[in-house]
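Just start-v9.pdb here, PDB, C-alpha atoms and all ligand atoms:
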ATOM      1  CA  MET A   1     -79.979  78.333  28.680
ATOM      2  CA  SER A   2     -78.985  74.725  28.226
ATOM      3  CA  HIS A   3     -80.194  72.738  25.238
ATOM      4  CA  GLU A   4     -78.984  69.372  26.362
ATOM      5  CA  PRO A   5     -80.484  66.509  24.365
ATOM      6  CA  THR A   6     -82.925  64.358  26.302
ATOM      7  CA  HIS A   7     -83.381  61.748  23.587
ATOM      8  CA  TRP A   8     -80.731  59.804  21.722
ATOM      9  CA  ALA A   9     -82.041  60.854  18.292
ATOM     10  CA  ASP A  10     -81.470  64.523  19.179
ATOM     11  CA  VAL A  11     -77.742  63.967  19.651
ATOM     12  CA  PRO A  12     -75.738  65.270  16.665
ATOM     13  CA  HIS A  13     -75.000  62.638  14.015
ATOM     14  CA  ALA A  14     -77.396  60.086  15.506
ATOM     15  CA  PRO A  15     -77.806  57.240  13.001
ATOM     16  CA  PRO A  16     -81.295  56.602  11.609
ATOM     17  CA  ALA A  17     -83.323  53.515  12.457
ATOM     18  CA  GLY A  18     -82.207  50.683  10.193
ATOM     19  CA  THR A  19     -78.495  51.461  10.547
ATOM     20  CA  CYS A  20     -76.263  48.465  11.228
ATOM     21  CA  LEU A  21     -74.020  49.573  14.090
ATOM     22  CA  ALA A  22     -71.933  46.543  14.881
ATOM     23  CA  HIS A  23     -71.904  42.819  15.451
ATOM     24  CA  ARG A  24     -72.825  41.324  18.804
ATOM     25  CA  ASP A  25     -69.466  39.590  18.978
ATOM     26  CA  ASP A  26     -67.697  42.950  18.850
ATOM     27  CA  VAL A  27     -68.276  42.966  22.604
ATOM     28  CA  ALA A  28     -67.699  40.056  24.979
ATOM     29  CA  ASP A  29     -70.183  39.027  27.636
ATOM     30  CA  GLY A  30     -70.004  41.399  30.603
ATOM     31  CA  GLN A  31     -67.973  44.008  28.757
ATOM     32  CA  VAL A  32     -68.562  47.498  27.386
ATOM     33  CA  VAL A  33     -66.979  48.854  24.238
ATOM     34  CA  MET A  34     -66.734  52.455  23.113
ATOM     35  CA  ARG A  35     -67.661  52.831  19.475
ATOM     36  CA  ALA A  36     -68.507  55.608  17.036
ATOM     37  CA  TRP A  37     -70.671  55.799  13.951
ATOM     38  CA  PRO A  38     -69.843  56.067  11.154
ATOM     39  CA  PRO A  39     -66.703  54.141  12.017
ATOM     40  CA  ASP A  40     -64.497  55.946   9.511
ATOM     41  CA  GLY A  41     -65.510  59.519  10.298
ATOM     42  CA  ASP A  42     -63.601  62.081  12.324
ATOM     43  CA  ALA A  43     -64.646  62.504  15.926
ATOM     44  CA  ALA A  44     -66.401  65.826  15.276
ATOM     45  CA  SER A  45     -68.819  64.187  12.854
ATOM     46  CA  GLN A  46     -69.392  60.895  14.640
ATOM     47  CA  PHE A  47     -72.014  59.597  17.038
ATOM     48  CA  ALA A  48     -70.225  58.120  20.044
ATOM     49  CA  TYR A  49     -71.902  55.228  21.811
ATOM     50  CA  LEU A  50     -71.326  52.503  24.359
ATOM     51  CA  MET A  51     -72.260  48.918  23.567
ATOM     52  CA  LEU A  52     -72.820  46.557  26.507
ATOM     53  CA  ARG A  53     -73.360  42.815  26.451
ATOM     54  CA  SER A  54     -75.069  40.535  28.947
ATOM     55  CA  GLY A  55     -75.321  37.062  27.455
ATOM     56  CA  ASP A  56     -76.987  37.558  24.093
ATOM     57  CA  THR A  57     -78.525  40.875  25.140
ATOM     58  CA  ILE A  58     -76.981  44.022  23.691
ATOM     59  CA  ARG A  59     -77.598  47.467  25.137
ATOM     60  CA  VAL A  60     -76.449  50.711  23.568
ATOM     61  CA  TYR A  61     -76.161  54.138  25.200
ATOM     62  CA  VAL A  62     -74.964  57.446  23.894
ATOM     63  CA  ASN A  63     -71.433  57.926  25.246
ATOM     64  CA  ARG A  64     -72.346  61.141  26.932
ATOM     65  CA  CYS A  65     -72.339  61.800  30.669
ATOM     66  CA  ALA A  66     -75.455  63.579  31.909
ATOM     67  CA  HIS A  67     -73.293  65.842  34.077
ATOM     68  CA  PHE A  68     -71.170  67.817  31.609
ATOM     69  CA  GLY A  69     -72.180  66.188  28.355
ATOM     70  CA  VAL A  70     -68.768  64.651  27.792
ATOM     71  CA  PRO A  71     -67.811  61.031  27.059
ATOM     72  CA  LEU A  72     -67.614  58.733  30.085
ATOM     73  CA  ALA A  73     -64.042  58.118  29.005
ATOM     74  CA  ASN A  74     -61.901  59.293  26.140
ATOM     75  CA  LYS A  75     -60.163  55.975  25.613
ATOM     76  CA  GLN A  76     -61.390  52.436  25.940
ATOM     77  CA  VAL A  77     -58.673  51.633  28.457
ATOM     78  CA  HIS A  78     -60.045  54.333  30.774
ATOM     79  CA  LEU A  79     -63.657  53.185  30.650
ATOM     80  CA  MET A  80     -64.864  52.154  34.110
ATOM     81  CA  TYR A  81     -67.624  49.608  34.660
ATOM     82  CA  GLN A  82     -68.731  46.735  36.805
ATOM     83  CA  PRO A  83     -69.973  43.976  34.494
ATOM     84  CA  HIS A  84     -73.770  43.586  34.358
ATOM     85  CA  THR A  85     -74.121  46.174  37.122
ATOM     86  CA  ARG A  86     -73.018  49.735  36.372
ATOM     87  CA  ILE A  87     -70.967  52.079  34.235
ATOM     88  CA  THR A  88     -69.023  54.949  35.769
ATOM     89  CA  CYS A  89     -67.967  58.279  34.289
ATOM     90  CA  ASN A  90     -64.261  58.701  34.820
ATOM     91  CA  VAL A  91     -64.478  62.496  35.128
ATOM     92  CA  HIS A  92     -66.427  62.912  38.411
ATOM     93  CA  TYR A  93     -67.486  59.279  38.921
ATOM     94  CA  ALA A  94     -71.217  59.442  38.257
ATOM     95  CA  HIS A  95     -72.592  55.889  38.326
ATOM     96  CA  TYR A  96     -75.155  54.647  35.808
ATOM     97  CA  ASP A  97     -77.235  51.496  35.869
ATOM     98  CA  TRP A  98     -76.060  48.883  33.363
ATOM     99  CA  HIS A  99     -79.604  47.800  32.479
ATOM    100  CA  ASP A 100     -81.355  51.076  31.728
ATOM    101  CA  GLY A 101     -78.781  53.851  32.099
ATOM    102  CA  HIS A 102     -80.463  55.651  34.969
ATOM    103  CA  CYS A 103     -78.317  57.515  37.473
ATOM    104  CA  LEU A 104     -77.434  55.392  40.490
ATOM    105  CA  ASP A 105     -75.223  57.859  42.316
ATOM    106  CA  GLY A 106     -73.130  60.966  41.822
ATOM    107  CA  GLU A 107     -73.378  64.034  39.597
ATOM    108  CA  CYS A 108     -76.269  62.755  37.519
ATOM    109  CA  ALA A 109     -79.208  62.699  39.940
ATOM    110  CA  GLY A 110     -82.540  62.608  38.157
ATOM    111  CA  THR A 111     -80.977  62.003  34.777
ATOM    112  CA  GLY A 112     -79.155  59.183  33.049
ATOM    113  CA  LEU A 113     -77.461  57.889  29.953
ATOM    114  CA  LEU A 114     -79.533  58.111  26.781
ATOM    115  CA  PRO A 115     -80.481  54.605  25.621
ATOM    116  CA  VAL A 116     -80.435  53.827  21.899
ATOM    117  CA  PRO A 117     -83.047  51.258  20.811
ATOM    118  CA  VAL A 118     -81.405  48.340  19.030
ATOM    119  CA  SER A 119     -82.304  44.899  17.790
ATOM    120  CA  VAL A 120     -80.026  41.964  17.055
ATOM    121  CA  ASP A 121     -80.805  39.756  14.067
ATOM    122  CA  ALA A 122     -80.235  36.019  13.693
ATOM    123  CA  ASP A 123     -76.732  36.644  12.352
ATOM    124  CA  GLY A 124     -75.801  38.757  15.367
ATOM    125  CA  GLN A 125     -75.863  42.100  13.559
ATOM    126  CA  VAL A 126     -76.886  44.994  15.802
ATOM    127  CA  TRP A 127     -79.332  47.413  14.199
ATOM    128  CA  VAL A 128     -80.700  50.747  15.334
ATOM    129  CA  ALA A 129     -84.392  50.120  15.933
ATOM    130  CA  ALA A 130     -87.320  52.457  15.675
ATOM    131  CA  ASP A 131     -88.431  54.009  18.941
ATOM    132  CA  THR A 132     -91.393  52.239  20.439
TER     133      THR A 132
HETATM  134  S1  LIG B   1     -68.631  64.745  33.620
HETATM  135 FE1  LIG B   1     -69.297  62.733  34.180
HETATM  136  S2  LIG B   1     -69.548  62.873  36.321
HETATM  137 FE2  LIG B   1     -68.936  64.881  35.748
END

Represent the structure contained in this file as structure tokens.
Amino acid sequence: MSHEPTHWADVPHAPPAGTCLAHRDDVADGQVVMRAWPPDGDAASQFAYLMLRSGDTIRVYVNRCAHFGVPLANKQVHLMYQPHTRITCNVHYAHYDWHDGHCLDGECAGTGLLPVPVSVDADGQVWVAADT
């Protein structure tokens, strides 16, 4: 039986609310960056996430395709996305909505990327927020 996480906080090594993940300027407008927390850990003990920027708005998703539970890409250079529109898994090309992570098309029907709640403070620091 599968025990796939359905909530970001159930993913191994998920950072607690109040963790500073990054700075808004770590990602340019219309771009997506692959990051991991903590930044200095080894991959087996890190939480891999995607950080997206639209203007001053930052969105964060777990870097985990709903199809096979693998990263959407293994290297930043291989990450596929259409700015402000969608992100695509480079394994079997499932398409996810930029704005909320839901499956648009492909091997993810009825599922989606797991959004991580974040807030950005006046200095541009991106913090993990409490679930609402
Ligand atoms: S693993 Fe992402 S679409 Fe299959």

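Of note, atom CA of Ala9 of chain A and atom CA of Asp29 of chain A are spaced 26.5 Å apart.
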
Six-sided padding of 8 Å per side, axis-aligned box over ligand LIG 1 (chain B), centre and edges in Å, one decimal, as JSON:
{"center_x": -69.1, "center_y": 63.8, "center_z": 35.0, "size_x": 16.9, "size_y": 18.1, "size_z": 18.7}

Each chain A residue no farther than 9 Å from ligand LIG 1 (chain B), nearest pair in Å, only C-alpha atoms and all ligand atoms, as CSV:
residue,atom,partner,partner_atom,distance
A:Arg64,CA,B:LIG1,FE1,8.0
A:Cys65,CA,B:LIG1,FE1,4.7
A:Ala66,CA,B:LIG1,FE1,6.6
A:His67,CA,B:LIG1,FE2,4.8
A:Phe68,CA,B:LIG1,S1,4.5
A:Gly69,CA,B:LIG1,S1,6.5
A:Val70,CA,B:LIG1,S1,5.8
A:Pro71,CA,B:LIG1,FE1,7.5
A:Leu72,CA,B:LIG1,FE1,6.0
A:Ala73,CA,B:LIG1,FE1,8.7
A:Thr88,CA,B:LIG1,FE1,7.9
A:Cys89,CA,B:LIG1,FE1,4.6
A:Asn90,CA,B:LIG1,FE1,6.5
A:Val91,CA,B:LIG1,FE1,4.9
A:His92,CA,B:LIG1,S2,3.8
A:Tyr93,CA,B:LIG1,S2,4.9
A:Ala94,CA,B:LIG1,S2,4.3
A:His95,CA,B:LIG1,S2,7.9
A:Gly106,CA,B:LIG1,S2,6.8
A:Glu107,CA,B:LIG1,S2,5.2
A:Cys108,CA,B:LIG1,S2,6.8

Could the residues in this selection be saved with C-alpha atoms as a PDB file, in the coordinates of the input?
ATOM      1  CA  ARG A  64     -72.346  61.141  26.932  1.00  0.00           C
ATOM      2  CA  CYS A  65     -72.339  61.800  30.669  1.00  0.00           C
ATOM      3  CA  ALA A  66     -75.455  63.579  31.909  1.00  0.00           C
ATOM      4  CA  HIS A  67     -73.293  65.842  34.077  1.00  0.00           C
ATOM      5  CA  PHE A  68     -71.170  67.817  31.609  1.00  0.00           C
ATOM      6  CA  GLY A  69     -72.180  66.188  28.355  1.00  0.00           C
ATOM      7  CA  VAL A  70     -68.768  64.651  27.792  1.00  0.00           C
ATOM      8  CA  PRO A  71     -67.811  61.031  27.059  1.00  0.00           C
ATOM      9  CA  LEU A  72     -67.614  58.733  30.085  1.00  0.00           C
ATOM     10  CA  ALA A  73     -64.042  58.118  29.005  1.00  0.00           C
ATOM     11  CA  THR A  88     -69.023  54.949  35.769  1.00  0.00           C
ATOM     12  CA  CYS A  89     -67.967  58.279  34.289  1.00  0.00           C
ATOM     13  CA  ASN A  90     -64.261  58.701  34.820  1.00  0.00           C
ATOM     14  CA  VAL A  91     -64.478  62.496  35.128  1.00  0.00           C
ATOM     15  CA  HIS A  92     -66.427  62.912  38.411  1.00  0.00           C
ATOM     16  CA  TYR A  93     -67.486  59.279  38.921  1.00  0.00           C
ATOM     17  CA  ALA A  94     -71.217  59.442  38.257  1.00  0.00           C
ATOM     18  CA  HIS A  95     -72.592  55.889  38.326  1.00  0.00           C
ATOM     19  CA  GLY A 106     -73.130  60.966  41.822  1.00  0.00           C
ATOM     20  CA  GLU A 107     -73.378  64.034  39.597  1.00  0.00           C
ATOM     21  CA  CYS A 108     -76.269  62.755  37.519  1.00  0.00           C
TER      22      CYS A 108
END

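Taking atom CA of Met34 of chain A and atom CA of Pro15 of chain A as the two end points, the separation is 15.7 Å.
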
Counting only C-alpha atoms, closest pick from A:Leu104, A:Ala130, A:Leu114, A:Val11 relative to Leu50 of chain A is A:Leu114

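One distance worth recording is that between atom CA of Asp123 of chain A and atom CA of Arg53 of chain A, which is 15.8 Å.
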
*How would you write as a ChimeraX atom specification the residues that get within 9 Å of (-80.7, 55.0, 22.0) in the file's frame, counting all atoms listed in the file?*
/A:7-9,14,49,59-62,114-118,128-129,131

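Comparing A:His13, A:Thr57, A:His84, A:Val32 by their smallest distance to Ala44 of chain A, the closest is A:His13 (using all atoms listed in the file).
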
Picked residues, the PyMOL selection byres (((chain A and resi 23) around 12) and not hetatm), as number ranges by chain
A: 19-22, 24-28, 33, 35, 51-53, 56-58, 118-128

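Ranking A:Gln31, A:Arg86, A:Thr6, A:Ala17 by their shortest atom-to-atom distance to Gly110 of chain A, with only C-alpha atoms included, puts A:Thr6 first.
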
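Distance check against Gln82 of chain A using all atoms listed in the file: of A:Gly55, A:Gly30, A:Asp100, A:Asp42, the minimum falls on A:Gly30.
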
Output the residue selection produced by the PyMOL selection byres (((chain A and resi 46) around 9) and not hetatm) on the file above, formatted as number ranges by chain. A: 12-14, 36-45, 47-48

Go ahead and dump the residues you just picked, C-alpha atoms, as an mmCIF file, in the frame of the given file.
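File result.cif, as written:
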data_model
loop_
_atom_site.group_PDB
_atom_site.id
_atom_site.type_symbol
_atom_site.label_atom_id
_atom_site.label_comp_id
_atom_site.auth_asym_id
_atom_site.auth_seq_id
_atom_site.Cartn_x
_atom_site.Cartn_y
_atom_site.Cartn_z
ATOM 1 C CA PRO A 12 -75.738 65.270 16.665
ATOM 2 C CA HIS A 13 -75.000 62.638 14.015
ATOM 3 C CA ALA A 14 -77.396 60.086 15.506
ATOM 4 C CA ALA A 36 -68.507 55.608 17.036
ATOM 5 C CA TRP A 37 -70.671 55.799 13.951
ATOM 6 C CA PRO A 38 -69.843 56.067 11.154
ATOM 7 C CA PRO A 39 -66.703 54.141 12.017
ATOM 8 C CA ASP A 40 -64.497 55.946 9.511
ATOM 9 C CA GLY A 41 -65.510 59.519 10.298
ATOM 10 C CA ASP A 42 -63.601 62.081 12.324
ATOM 11 C CA ALA A 43 -64.646 62.504 15.926
ATOM 12 C CA ALA A 44 -66.401 65.826 15.276
ATOM 13 C CA SER A 45 -68.819 64.187 12.854
ATOM 14 C CA PHE A 47 -72.014 59.597 17.038
ATOM 15 C CA ALA A 48 -70.225 58.120 20.044
#

(message) For a cutoff of 6 Å around the file-coordinate point (-82.9, 56.8, 33.7), which residues qualify once you count all atoms listed in the file? I'd like the result as a ChimeraX atom specification.
(response) /A:101-103,111-112

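For the set A:Thr85, A:Gln76, A:Pro5, A:Gly18, the residue with the smallest atom-to-atom gap to Asp97 of chain A is A:Thr85, counting only C-alpha atoms.
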